[in-house]
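Below is one structure, written out as structure tokens, with a few remarks after it.
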Amino acid sequence: MTGPYLASAQRYEHMDTMYNRCGKSGVLLPKVSLGMWHNFGGVDPFERSRAITHYAFDHGITHFDLANNYGPPAGSAEETMGKLMVEDFAAYRDELFISSKAGYGMWDGPYGEWGSRKYLMASLDQSLRRMHLDYVDLFYSHRYDPNTPIEETLQALVDIVRMGKALYIGISNWPLEQLKLATQYLKERDVPLLIYQGRLNMLNREPIDEGILDFCHEAGIGFIAFSPLAQGLLTDRYLNGIPADSRMAKEVFLKSDARTPQLLDYLHQLQTQAQASNRTIAQEALAWVLDRRVLPPSSWVPAVWNNWPITFRLFFLSAFLRLSLRELNVLHVVRFRCGLRHDQQENDVEDDTRETGEEDRSDSVSRTHCGSVNAKILCQTGTYAADHLVCAAC
């Protein structure tokens, strides 16, 4: 980059169709937001991170989504964000909606993960220092802690808002009953829950089956669905074997035993269906997520958030996804995450979660809810190709 960064004067050109209201809040979130799980860490080229963030903001993407352990190594994505804030985005801080999270393993010892007041407070303080921020716009409890009293976790979130360290609160990967308790607890203390994050794709339908989507819709809470491609399983990546450079070959986040004969049969059927529409398996899988509608809990077939008026500007997304207008016109919010060639499932709950994050990991119209897709994009010879999306509603 030569000279100081000056954001595009046209970044809000499509403001009337670029943003949706999140839940019953006053927050308008962009239909595209940028997430920094992997590929913004210390092992990644800073200039690529810089180019992606500039591109996003220049196109009206104001929501940057992080977590304490994003990297790798853990914490380094927030350090990247901090450097960008100092060098490029300081003048635009009030135009940005920045989120972070805490819940997974971040440092050694008994206070480095889960949901205690000590961990949440200390983690957010560290995140603010790394990002050179006085506050975050949104702070998540990244996972439910069954061993800490729920009141302790929730009161810490309330106090974080009252201390001015976060403006809004989000929750990720909490069970439905605990989500209901959290919603009531936070509401009674005038810190309403803004948004919830969970996994939703053709292979993982728990948010629908468990009634979480219905509850969020009824309560006016945003919902962000991550991992729509099931870490690349819902692509043609593994149809003919396990590529040496693939995520499955590493046997960390995606295990080879997931590639079962039943899955391959299903993928071949899906490929035939997709080819009939001149689409790929990935596009078919994304269309499925985008078309989900929250009807009765047992009804997952019809498509997301029925009765929610939707207006969506295609100028940015269609070139990446090559999806039809029919598929895109049910989309409320698109969240861009950068770098990975295949969908990565965040928040894999394993014994060692230090390097895991959420969501893939980041957002209604009219008045109550908005949907969001999270796309990880690759910077390839000056172009951006959408390889990862996460559908969401808020």
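Ligands are numbered from 1 in the order shown, chains are lettered A, B, ... in the order of the structure tokens, and residues start at 1 in each chain.
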**Study point:** strand (DSSP E) call set, DSSP backbone run, range 65-278 of chain A, as JSON, numbers by chain
**Key:** {"A": [65, 97, 98, 99, 100, 101, 102, 136, 137, 138, 139, 140, 141, 166, 167, 168, 169, 170, 171, 172, 193, 194, 195, 196, 197, 198, 199, 222, 223, 224, 225, 226]}
Counting only C-alpha atoms, which residues in range 85-196 of chain A sit no more than 9 Å from range 17-38 of chain A? For each one, give the nearest pair of atoms and the distance in Å, sorted by chain then residue number, as CSV.
```
residue,atom,partner,partner_atom,distance
A:Phe97,CA,A:Leu29,CA,8.0
A:Pro192,CA,A:Ser25,CA,8.6
A:Leu194,CA,A:Gly23,CA,6.6
A:Ile195,CA,A:Gly23,CA,7.4
```
With C-alpha atoms retained, export the selected residues as an mmCIF file, in the first residue's frame.
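Generated file (selection-v1.cif):
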```cif
data_model
loop_
_atom_site.group_PDB
_atom_site.id
_atom_site.type_symbol
_atom_site.label_atom_id
_atom_site.label_comp_id
_atom_site.auth_asym_id
_atom_site.auth_seq_id
_atom_site.Cartn_x
_atom_site.Cartn_y
_atom_site.Cartn_z
ATOM 1 C CA PHE A 97 -19.018 -3.000 14.065
ATOM 2 C CA PRO A 192 -31.037 -7.939 25.698
ATOM 3 C CA LEU A 194 -28.574 -9.500 20.266
ATOM 4 C CA ILE A 195 -27.600 -12.653 18.388
#
```
Exercise for review: Select, from A:Ile221, A:Leu133, A:Met121, A:Met202, the residue with the minimum atom-to-atom distance to Met163 in chain A, counting only C-alpha atoms.
Suggested key: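 Closest to Met163 in chain A of all the choices is A:Met121.
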Any chance you could tabulate, as JSON lines, the residues of range 146-240 of chain A at most 10 Å from range 252-265 of chain A with each one's nearest atom pair and distance in Å to one decimal, using only C-alpha atoms, in chain and rising number order?
```
{"residue": "A:Leu203", "atom": "CA", "partner": "A:Leu263", "partner_atom": "CA", "distance": 9.4}
{"residue": "A:Ala230", "atom": "CA", "partner": "A:Leu254", "partner_atom": "CA", "distance": 9.3}
{"residue": "A:Gln231", "atom": "CA", "partner": "A:Leu254", "partner_atom": "CA", "distance": 7.1}
{"residue": "A:Gly232", "atom": "CA", "partner": "A:Leu254", "partner_atom": "CA", "distance": 9.0}
{"residue": "A:Leu233", "atom": "CA", "partner": "A:Arg259", "partner_atom": "CA", "distance": 8.0}
{"residue": "A:Leu234", "atom": "CA", "partner": "A:Leu263", "partner_atom": "CA", "distance": 9.5}
{"residue": "A:Asp236", "atom": "CA", "partner": "A:Leu264", "partner_atom": "CA", "distance": 9.9}
{"residue": "A:Tyr238", "atom": "CA", "partner": "A:Arg259", "partner_atom": "CA", "distance": 7.6}
{"residue": "A:Leu239", "atom": "CA", "partner": "A:Leu264", "partner_atom": "CA", "distance": 6.5}
{"residue": "A:Asn240", "atom": "CA", "partner": "A:Leu264", "partner_atom": "CA", "distance": 9.1}
```
Those same residues - C-alpha atoms - I'd like them written as a PDB file, in the first residue's frame.
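Ended up saving to part-v7.pdb:
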```pdb
ATOM      1  CA  LEU A 203     -25.744 -32.728   7.246  1.00  0.00           C
ATOM      2  CA  ALA A 230     -19.686 -29.019   6.608  1.00  0.00           C
ATOM      3  CA  GLN A 231     -15.949 -28.357   6.408  1.00  0.00           C
ATOM      4  CA  GLY A 232     -15.887 -29.162   2.712  1.00  0.00           C
ATOM      5  CA  LEU A 233     -17.791 -32.432   2.946  1.00  0.00           C
ATOM      6  CA  LEU A 234     -20.592 -30.788   0.985  1.00  0.00           C
ATOM      7  CA  ASP A 236     -16.714 -32.400  -4.628  1.00  0.00           C
ATOM      8  CA  TYR A 238     -13.642 -35.747  -1.313  1.00  0.00           C
ATOM      9  CA  LEU A 239     -15.668 -37.563  -3.948  1.00  0.00           C
ATOM     10  CA  ASN A 240     -12.673 -39.397  -5.414  1.00  0.00           C
TER      11      ASN A 240
END
```
Practice item. Kindly indicate which residue among A:Ser100, A:Gln155, A:Gln273, A:Thr62 lies nearest to Arg117 in chain A, using only C-alpha atoms for the distances. Key: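 Of A:Ser100, A:Gln155, A:Gln273, A:Thr62, the one nearest Arg117 in chain A, counting only C-alpha atoms, is A:Gln155.
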Exercise for review: Find the spatial neighbours of Glu113 in chain A, counting only C-alpha atoms, within a cut-off of 6 Å - ignore same-chain residues fewer than 2 positions away - and output them as a PyMOL selection string.
Suggested key: chain A and resi 103-105+111
Review point. If you measure from CA of Gly60 in chain A to CA of Pro45 in chain A, what distance in Å do you get, rounded to one decimal?
Key: 23.5 Å
